[in-house]
>>> print(open('protein_7.txt').read())   # compact mmCIF, C-alpha atoms
# COMPACT_ATOMS: atom_id res chain seq x y z
CA MET A 8 -18.59 46.96 53.49
CA GLY A 9 -20.95 44.18 54.70
CA ASN A 10 -22.50 42.12 51.94
CA ARG A 11 -22.40 44.83 49.36
CA ILE A 12 -21.58 43.82 45.80
CA ASN A 13 -18.25 45.08 44.44
CA ILE A 14 -18.89 46.62 41.04
CA ALA A 15 -16.23 47.94 38.65
CA ILE A 16 -17.28 50.57 36.13
CA LEU A 17 -14.84 50.60 33.22
CA ALA A 18 -13.96 54.04 31.85
CA GLY A 19 -11.55 55.59 29.36
CA GLY A 20 -10.40 53.33 26.55
CA ASP A 21 -8.28 53.98 23.48
CA SER A 22 -10.63 55.84 21.15
CA SER A 23 -11.55 59.48 20.50
CA GLU A 24 -14.42 59.05 22.96
CA TYR A 25 -12.17 58.78 26.01
CA PHE A 26 -13.59 61.87 27.75
CA ILE A 27 -17.24 61.03 26.98
CA SER A 28 -16.57 57.61 28.55
CA LEU A 29 -15.32 59.27 31.76
CA LYS A 30 -18.56 61.28 31.94
CA SER A 31 -20.68 58.16 31.32
CA ALA A 32 -18.81 56.24 34.04
CA GLU A 33 -19.24 59.07 36.56
CA ALA A 34 -22.96 59.30 35.77
CA ILE A 35 -23.41 55.51 36.21
CA ALA A 36 -21.45 55.58 39.48
CA GLY A 37 -23.51 58.52 40.73
CA ASN A 38 -26.78 56.69 40.03
CA LEU A 39 -25.97 53.33 41.62
CA ASN A 40 -27.41 52.49 45.05
CA LYS A 41 -24.47 52.85 47.49
CA GLU A 42 -26.30 50.76 50.10
CA LYS A 43 -26.19 47.78 47.73
CA TYR A 44 -22.89 48.32 45.93
CA ASN A 45 -19.29 49.27 46.56
CA VAL A 46 -18.72 51.25 43.37
CA TYR A 47 -15.25 51.54 41.83
CA ILE A 48 -14.25 53.28 38.60
CA VAL A 49 -11.44 51.52 36.75
CA LEU A 50 -9.66 53.73 34.23
CA ILE A 51 -8.32 51.82 31.23
CA LYS A 52 -5.78 53.49 28.97
CA GLY A 53 -3.73 51.06 26.90
CA SER A 54 -2.10 48.63 29.31
CA GLU A 55 -2.50 50.97 32.31
CA TRP A 56 -5.51 49.97 34.42
CA THR A 57 -5.95 52.03 37.58
CA LEU A 58 -8.63 52.94 40.10
CA THR A 59 -9.80 56.55 40.10
CA ASN A 60 -11.96 56.56 43.26
CA ASP A 61 -10.93 59.13 45.87
CA LEU A 62 -9.88 56.56 48.48
CA ASN A 63 -8.13 54.23 46.05
CA CYS A 64 -6.99 56.70 43.40
CA GLY A 65 -4.01 55.46 41.44
CA LEU A 66 -4.10 51.90 42.76
CA ILE A 67 -3.10 49.50 39.99
CA ILE A 68 -5.36 46.67 38.86
CA ASN A 69 -3.77 43.22 38.81
CA LYS A 70 -4.81 41.93 35.37
CA ASP A 71 -4.12 38.29 36.32
CA ASP A 72 -7.43 38.16 38.21
CA PHE A 73 -8.79 41.74 37.92
CA SER A 74 -8.20 42.61 41.58
CA PHE A 75 -6.40 45.31 43.53
CA ASN A 76 -4.52 45.48 46.81
CA ASP A 77 -5.95 47.77 49.48
CA ASN A 78 -3.60 48.01 52.49
CA GLY A 79 -2.59 44.37 52.16
CA GLN A 80 -6.16 43.21 51.47
CA LYS A 81 -6.91 41.70 48.05
CA VAL A 82 -10.17 43.18 46.70
CA LYS A 83 -11.98 41.34 43.89
CA PHE A 84 -14.99 42.38 41.84
CA ASP A 85 -18.33 40.60 41.62
CA ILE A 86 -19.46 42.26 38.40
CA VAL A 87 -18.24 44.69 35.72
CA PHE A 88 -20.19 47.53 34.09
CA PRO A 89 -18.36 48.72 30.93
CA ALA A 90 -18.79 52.40 30.06
CA ILE A 91 -16.03 52.51 27.42
CA HIS A 92 -17.32 53.76 24.07
CA GLY A 93 -15.12 52.48 21.26
CA THR A 94 -12.15 50.15 21.76
CA PRO A 95 -11.57 48.07 23.91
CA GLY A 96 -14.99 48.33 25.57
CA GLU A 97 -17.48 48.24 22.75
CA ASN A 98 -15.76 45.86 20.32
CA GLY A 99 -15.61 42.73 22.47
CA LEU A 100 -12.00 42.90 23.67
CA VAL A 101 -12.66 43.45 27.39
CA GLN A 102 -15.66 41.12 27.23
CA GLY A 103 -13.33 38.29 26.14
CA TYR A 104 -10.96 39.02 29.03
CA PHE A 105 -13.78 38.90 31.61
CA GLU A 106 -15.33 35.79 30.07
CA MET A 107 -11.98 34.02 30.57
CA LEU A 108 -11.89 35.17 34.21
CA LYS A 109 -15.58 34.16 34.65
CA ILE A 110 -16.49 37.63 35.95
CA PRO A 111 -20.01 38.65 34.87
CA VAL A 112 -20.24 41.69 32.61
CA ILE A 113 -23.31 43.87 32.11
CA GLY A 114 -23.97 44.22 28.41
CA SER A 115 -23.36 42.22 25.26
CA ASN A 116 -20.87 39.36 24.92
CA VAL A 117 -17.75 39.09 22.73
CA PHE A 118 -19.55 38.01 19.56
CA SER A 119 -22.37 40.52 19.78
CA SER A 120 -20.06 43.43 20.68
CA SER A 121 -17.59 42.65 17.92
CA LEU A 122 -20.30 42.20 15.26
CA THR A 123 -22.23 45.38 16.07
CA PHE A 124 -19.00 47.41 16.30
CA ASN A 125 -18.15 46.58 12.67
CA LYS A 126 -20.91 48.41 10.80
CA TYR A 127 -20.35 46.76 7.41
CA TYR A 128 -20.32 43.19 8.75
CA CYS A 129 -23.29 43.92 11.01
CA ASN A 130 -25.27 45.20 7.99
CA THR A 131 -24.25 42.16 5.93
CA PHE A 132 -25.34 39.84 8.75
CA LEU A 133 -28.69 41.60 9.25
CA ARG A 134 -29.63 41.50 5.55
CA HIS A 135 -30.39 37.78 5.91
CA PHE A 136 -33.19 38.35 8.43
CA ASN A 137 -35.37 40.89 6.57
CA ILE A 138 -36.23 42.69 9.82
CA VAL A 139 -35.40 46.19 8.64
CA ASN A 140 -34.20 47.95 5.49
CA ILE A 141 -30.42 48.13 5.10
CA ALA A 142 -28.81 50.84 2.95
CA LYS A 143 -26.38 49.88 0.16
CA SER A 144 -22.78 50.08 1.32
CA LEU A 145 -19.19 49.31 0.41
CA LEU A 146 -16.13 48.58 2.52
CA VAL A 147 -12.71 50.09 1.79
CA LYS A 148 -9.67 48.87 3.75
CA LYS A 149 -6.43 50.75 4.37
CA GLU A 150 -3.84 50.16 1.65
CA GLN A 151 -6.62 48.96 -0.68
CA VAL A 152 -6.87 50.66 -4.06
CA TYR A 153 -10.38 51.98 -4.61
CA ASN A 154 -12.16 53.62 -7.53
CA VAL A 155 -14.28 56.66 -6.67
CA GLU A 156 -16.43 56.26 -9.76
CA ASN A 157 -17.26 52.63 -8.91
CA ILE A 158 -18.14 53.64 -5.34
CA ILE A 159 -20.53 56.35 -6.52
CA ASN A 160 -22.10 54.04 -9.11
CA HIS A 161 -22.91 51.64 -6.26
CA VAL A 162 -24.09 53.94 -3.44
CA GLY A 163 -24.95 57.17 -5.31
CA LEU A 164 -24.52 60.77 -4.16
CA PRO A 165 -24.88 62.14 -1.59
CA CYS A 166 -23.49 59.35 0.55
CA PHE A 167 -21.99 58.91 4.02
CA VAL A 168 -18.38 57.96 4.64
CA LYS A 169 -17.84 56.51 8.13
CA PRO A 170 -15.18 54.64 10.08
CA ASP A 171 -16.32 51.01 9.93
CA ALA A 172 -15.29 50.29 13.50
CA GLY A 173 -16.02 53.22 15.74
CA GLY A 174 -18.38 54.16 18.49
CA SER A 175 -19.22 57.82 18.15
CA SER A 176 -19.65 60.21 15.27
CA PHE A 177 -15.95 60.99 14.77
CA GLY A 178 -14.60 60.80 11.24
CA ILE A 179 -18.02 60.83 9.52
CA SER A 180 -18.57 62.93 6.39
CA LYS A 181 -21.51 63.49 4.11
CA VAL A 182 -20.14 63.54 0.57
CA LYS A 183 -22.14 65.38 -2.10
CA GLU A 184 -19.48 65.82 -4.79
CA THR A 185 -17.17 63.31 -6.44
CA ASP A 186 -14.02 65.35 -5.74
CA LYS A 187 -14.68 65.33 -1.97
CA MET A 188 -14.62 61.52 -1.67
CA ASP A 189 -10.85 61.02 -1.21
CA ALA A 190 -10.63 63.54 1.64
CA ALA A 191 -13.65 61.99 3.38
CA ILE A 192 -12.13 58.50 3.18
CA GLU A 193 -8.81 59.83 4.58
CA GLU A 194 -10.70 61.46 7.48
CA ALA A 195 -12.50 58.19 8.31
CA PHE A 196 -9.21 56.27 8.20
CA LYS A 197 -8.00 58.36 11.16
CA GLU A 198 -10.54 56.48 13.30
CA SER A 199 -10.54 52.98 11.79
CA ASP A 200 -8.52 50.70 9.49
CA SER A 201 -11.58 50.17 7.33
CA VAL A 202 -14.19 52.61 6.04
CA ILE A 203 -17.84 52.04 5.16
CA ILE A 204 -19.37 54.14 2.38
CA GLU A 205 -23.13 54.11 2.64
CA GLN A 206 -26.08 55.19 0.54
CA TYR A 207 -27.74 58.35 1.92
CA ILE A 208 -31.34 57.79 3.02
CA PRO A 209 -33.24 61.06 3.55
CA GLY A 210 -35.75 60.97 6.39
CA ILE A 211 -36.27 61.39 10.13
CA GLU A 212 -33.57 60.09 12.46
CA ILE A 213 -35.09 57.89 15.16
CA SER A 214 -33.29 56.26 18.05
CA CYS A 215 -34.70 53.54 20.31
CA GLY A 216 -33.27 52.24 23.58
CA PHE A 217 -33.99 48.67 24.65
CA PHE A 218 -33.06 46.24 27.40
CA LYS A 219 -34.20 42.86 28.65
CA ALA A 220 -34.31 41.70 32.26
CA ASN A 221 -35.75 38.42 33.61
CA ASP A 222 -37.06 37.59 30.14
CA VAL A 223 -39.14 40.78 30.03
CA ASN A 224 -38.60 43.19 27.13
CA TYR A 225 -38.25 46.87 28.01
CA PRO A 226 -38.49 48.92 24.79
CA LEU A 227 -37.93 52.57 25.70
CA PRO A 228 -39.78 55.52 24.12
CA PRO A 229 -38.14 56.25 20.73
CA ALA A 230 -36.45 59.63 20.31
CA GLU A 231 -36.54 61.86 17.25
CA ILE A 232 -33.19 63.50 16.65
CA VAL A 233 -33.22 66.90 15.00
CA SER A 234 -29.68 68.00 14.21
CA LYS A 235 -28.96 71.66 13.56
CA ASN A 236 -25.87 70.52 11.68
CA GLU A 237 -26.22 68.78 8.34
CA PHE A 238 -26.34 65.40 10.09
CA PHE A 239 -26.08 64.05 13.65
CA ASP A 240 -22.30 64.46 13.91
CA TYR A 241 -20.15 64.50 17.05
CA GLN A 242 -20.93 68.15 17.82
CA ALA A 243 -24.67 67.60 17.38
CA LYS A 244 -24.53 64.45 19.50
CA TYR A 245 -22.85 66.03 22.53
CA ASP A 246 -23.73 69.73 22.39
CA SER A 247 -27.39 70.49 23.05
CA ASP A 248 -27.07 73.77 21.13
CA TYR A 249 -26.70 71.72 17.95
CA ASN A 250 -29.44 69.15 18.40
CA GLU A 251 -32.87 68.57 19.73
CA GLU A 252 -33.93 65.18 21.05
CA ILE A 253 -37.70 64.87 21.09
CA ILE A 254 -38.95 62.02 23.30
CA PRO A 255 -41.27 60.45 22.36
CA ALA A 256 -40.63 61.03 18.66
CA ARG A 257 -43.26 63.01 16.71
CA ILE A 258 -44.37 59.99 14.71
CA THR A 259 -47.59 57.97 14.71
CA ASP A 260 -48.40 55.47 17.48
CA GLU A 261 -48.15 52.73 14.87
CA GLN A 262 -44.65 53.89 13.85
CA ILE A 263 -43.58 53.99 17.52
CA LYS A 264 -44.89 50.44 18.05
CA ASN A 265 -43.16 49.32 14.86
CA CYS A 266 -39.85 50.88 15.95
CA ARG A 267 -39.97 49.12 19.31
CA GLU A 268 -40.80 45.77 17.70
CA ILE A 269 -37.97 46.07 15.15
CA THR A 270 -35.55 47.03 17.94
CA GLY A 271 -36.56 43.97 19.98
CA LYS A 272 -36.08 41.66 17.00
CA LEU A 273 -32.65 43.16 16.18
CA TYR A 274 -31.66 42.90 19.86
CA ASP A 275 -32.43 39.16 19.80
CA VAL A 276 -30.90 38.40 16.38
CA LEU A 277 -27.70 40.24 17.33
CA ASN A 278 -27.70 38.37 20.67
CA CYS A 279 -27.50 41.63 22.64
CA SER A 280 -27.61 41.97 26.40
CA GLY A 281 -27.83 44.98 28.74
CA ILE A 282 -28.98 48.36 27.45
CA VAL A 283 -28.63 48.90 23.71
CA ARG A 284 -29.58 51.83 21.47
CA MET A 285 -30.57 51.21 17.85
CA ASP A 286 -30.54 54.10 15.37
CA TYR A 287 -32.70 54.36 12.26
CA ILE A 288 -33.87 56.63 9.49
CA LEU A 289 -37.64 56.68 9.01
CA LYS A 290 -38.39 57.32 5.34
CA ASP A 291 -41.91 57.12 3.88
CA GLY A 292 -43.08 55.07 6.87
CA GLU A 293 -40.25 52.51 6.52
CA TYR A 294 -37.32 52.05 8.90
CA TRP A 295 -33.75 51.93 7.62
CA PHE A 296 -31.10 50.63 10.02
CA LEU A 297 -28.16 52.90 10.85
CA GLU A 298 -26.33 51.15 13.68
CA ALA A 299 -26.51 49.33 17.00
CA ASN A 300 -24.79 50.86 20.03
CA THR A 301 -24.08 48.22 22.67
CA ILE A 302 -22.53 50.75 25.07
CA PRO A 303 -24.59 53.91 24.51
CA GLY A 304 -23.68 57.18 26.24
CA MET A 305 -24.87 57.29 29.85
CA THR A 306 -24.22 60.90 30.85
CA ASN A 307 -27.29 62.67 32.19
CA GLU A 308 -27.55 64.51 28.85
CA SER A 309 -27.31 61.28 26.82
CA ILE A 310 -30.32 59.97 24.92
CA VAL A 311 -30.79 56.62 26.72
CA PRO A 312 -30.98 58.05 30.28
CA LYS A 313 -33.54 60.57 28.94
CA MET A 314 -35.56 57.69 27.45
CA ILE A 315 -35.39 55.82 30.78
CA ARG A 316 -36.71 58.88 32.63
CA LYS A 317 -39.45 59.36 30.02
CA ALA A 318 -40.50 55.73 30.55
CA GLY A 319 -41.05 56.58 34.24
CA MET A 320 -38.03 54.64 35.49
CA THR A 321 -34.79 55.69 37.14
CA PHE A 322 -31.36 54.58 35.94
CA SER A 323 -30.80 53.15 39.43
CA GLU A 324 -33.81 50.81 39.03
CA VAL A 325 -32.69 49.70 35.57
CA ALA A 326 -29.13 49.06 36.80
CA ASP A 327 -30.48 46.97 39.70
CA MET A 328 -32.44 44.79 37.27
CA LEU A 329 -29.44 44.26 34.98
CA ILE A 330 -27.06 43.52 37.88
CA GLU A 331 -29.46 41.10 39.59
CA GLU A 332 -29.99 39.22 36.33
CA LYS A 333 -26.23 38.78 35.74
CA LEU A 334 -25.64 37.60 39.32
CA LYS A 335 -28.49 35.05 39.35
>>> encode(input="protein_7.txt", output="structure tokens")
Amino acid sequence: MGNRINIAILAGGDSSEYFISLKSAEAIAGNLNKEKYNVYIVLIKGSEWTLTNDLNCGLIINKDDFSFNDNGQKVKFDIVFPAIHGTPGENGLVQGYFEMLKIPVIGSNVFSSSLTFNKYYCNTFLRHFNIVNIAKSLLVKKEQVYNVENIINHVGLPCFVKPDAGGSSFGISKVKETDKMDAAIEEAFKESDSVIIEQYIPGIEISCGFFKANDVNYPLPPAEIVSKNEFFDYQAKYDSDYNEEIIPARITDEQIKNCREITGKLYDVLNCSGIVRMDYILKDGEYWFLEANTIPGMTNESIVPKMIRKAGMTFSEVADMLIEEKLK
């Protein structure tokens, strides 16, 4: 073991993205330098927290101090790398737990994670800064009586109905007709207790990865997302037969520069840390904000690792930078 750093990669979680999280965690583990790190994957499912590594598979994590017992030896972790998309990894819950234990976590803190996870509140917060265009939207909560006509008067048709708190593209519908609204809202409620209904902005979908290490900004090459489905839904996001990710995006150099600058400003205003992916619609040369992903997918097919490779870096190098910064 020597002086290697003990790193826990968190996988699983309690959302529909459980299996994508497992893939992300395995990809991160596979890309970390084993000469520098002892890498452990911790599977979180509800209150069951267990190790899934071959040698320690099934060992239970002691949540009092986030340690485990290996043949009578207490093993503690130096740093945590969350790879849980959705709750409790992306919404600030695990970040709060580790902040209390004073264990460094790669990625955004409690406030930033919680704010970006709630799309409606994140949009409302960002409107004050005039960094990027924000589409009109409304929030509907479970048990709340809503009026379809009022919704459509505000956001227009077509519009998007999305779970307000959710990582991936589960539960999203594009509504074109008034009589489809109720079913779309019901579908979104399966993923979240509140639903955001958002004005549809036609244009090119652009995604930009970004991280900061040692006070240096690293904006990654923006990707253009061409979905073969009507929009970039779950199937299009995770099945390459249904999407094309063009990196760098087929937009002007000025638009690429603009995208990276906007992403850097949003990253700072939202107090992000670690690797974040910001999604936009580019319409008539103007960017419209879609969402911030503080724990983007990290499988080898995911957009951010592709951006990292396109930038001439390896994920291993990027991880080293982020880990070193947190352990300074």
>>> residues_around(input="protein_7.txt", residues="Tyr287 (chain A)", least_positions_apart="5", cutoff="10 Å", atoms="only C-alpha atoms", output="number ranges by chain")
A: 139-141, 208, 210-215, 231, 266, 270, 293-299
>>> write_last_selection(input="protein_7.txt", atoms="C-alpha atoms", output="short mmCIF file (atom, residue, chain, number, x, y, z; two decimals), keeping the file's coordinate frame")
data_model
loop_
_atom_site.label_atom_id
_atom_site.label_comp_id
_atom_site.auth_asym_id
_atom_site.auth_seq_id
_atom_site.Cartn_x
_atom_site.Cartn_y
_atom_site.Cartn_z
CA VAL A 139 -35.40 46.19 8.64
CA ASN A 140 -34.20 47.95 5.49
CA ILE A 141 -30.42 48.13 5.10
CA ILE A 208 -31.34 57.79 3.02
CA GLY A 210 -35.75 60.97 6.39
CA ILE A 211 -36.27 61.39 10.13
CA GLU A 212 -33.57 60.09 12.46
CA ILE A 213 -35.09 57.89 15.16
CA SER A 214 -33.29 56.26 18.05
CA CYS A 215 -34.70 53.54 20.31
CA GLU A 231 -36.54 61.86 17.25
CA CYS A 266 -39.85 50.88 15.95
CA THR A 270 -35.55 47.03 17.94
CA GLU A 293 -40.25 52.51 6.52
CA TYR A 294 -37.32 52.05 8.90
CA TRP A 295 -33.75 51.93 7.62
CA PHE A 296 -31.10 50.63 10.02
CA LEU A 297 -28.16 52.90 10.85
CA GLU A 298 -26.33 51.15 13.68
CA ALA A 299 -26.51 49.33 17.00
#
>>> residues_around(input="protein_7.txt", residues="Asn116 (chain A)", least_positions_apart="4", cutoff="9 Å", atoms="only C-alpha atoms", output="list in words")
Gly99, Gln102, Gly103, Glu106, Val112, Ser120, Ser121, Asn278, Cys279 and Ser280 of chain A
>>> closest_residue(input="protein_7.txt", among="A:Gly281, A:Pro226, A:Gly178, A:Gly53", to="Ile113 (chain A)", atoms="only C-alpha atoms")
A:Gly281
>>> atom_distance(input="protein_7.txt", atom1="CA of Ile27 (chain A)", atom2="CA of Asn307 (chain A)")
11.4 Å
>>> atom_distance(input="protein_7.txt", atom1="CA of Ala220 (chain A)", atom2="CA of Ile12 (chain A)")
18.7 Å
>>> atom_distance(input="protein_7.txt", atom1="CA of Pro111 (chain A)", atom2="CA of Lys83 (chain A)")
12.4 Å
>>> closest_residue(input="protein_7.txt", among="A:Gly271, A:Thr185, A:Ile302, A:Leu164", to="Leu17 (chain A)", atoms="all atoms listed in the file")
A:Ile302
>>> residues_near_point(input="protein_7.txt", point="(-19.5, 47.8, 51.8)", cutoff="9 Å", atoms="only C-alpha atoms", output="ChimeraX atom specification")
/A:8-13,41-45
>>> closest_residue(input="protein_7.txt", among="A:Ser54, A:Asn125, A:Thr306, A:Asn130", to="Leu273 (chain A)", atoms="only C-alpha atoms")
A:Asn130
>>> residues_near_point(input="protein_7.txt", point="(-4.1, 52.8, 3.9)", cutoff="10 Å", atoms="all atoms listed in the file", output="VMD selection string")
chain A and resid 147 to 152 192 to 193 196 to 197 200 to 201
>>> residues_around(input="protein_7.txt", residues="Pro303 (chain A)", least_positions_apart="4", cutoff="10 Å", atoms="all atoms listed in the file", output="ChimeraX atom specification")
/A:28,31,90-92,97,174-175,216,282-285,299,309-312
>>> residues_around(input="protein_7.txt", residues="Lys52 (chain A)", least_positions_apart="4", cutoff="9 Å", atoms="only C-alpha atoms", output="ChimeraX atom specification")
/A:18-21,25,56-57
>>> closest_residue(input="protein_7.txt", among="A:Glu156, A:Asp286, A:Asp71, A:Glu33", to="Glu184 (chain A)", atoms="all atoms listed in the file")
A:Glu156
>>> closest_residue(input="protein_7.txt", among="A:Ile86, A:Leu133, A:Ile330, A:Ala15", to="Ile110 (chain A)", atoms="all atoms listed in the file")
A:Ile86
>>> residues_around(input="protein_7.txt", residues="Val233 (chain A)", least_positions_apart="5", cutoff="8 Å", atoms="only C-alpha atoms", output="list in words")
Ile211, Glu212, Phe239, Asn250, Glu251, Glu252 and Ile253 of chain A
>>> write_last_selection(input="protein_7.txt", atoms="C-alpha atoms", output="PDB file, in the frame of the given file")
ATOM      1  CA  ILE A 211     -36.270  61.390  10.130  1.00  0.00           C
ATOM      2  CA  GLU A 212     -33.570  60.090  12.460  1.00  0.00           C
ATOM      3  CA  PHE A 239     -26.080  64.050  13.650  1.00  0.00           C
ATOM      4  CA  ASN A 250     -29.440  69.150  18.400  1.00  0.00           C
ATOM      5  CA  GLU A 251     -32.870  68.570  19.730  1.00  0.00           C
ATOM      6  CA  GLU A 252     -33.930  65.180  21.050  1.00  0.00           C
ATOM      7  CA  ILE A 253     -37.700  64.870  21.090  1.00  0.00           C
TER       8      ILE A 253
END
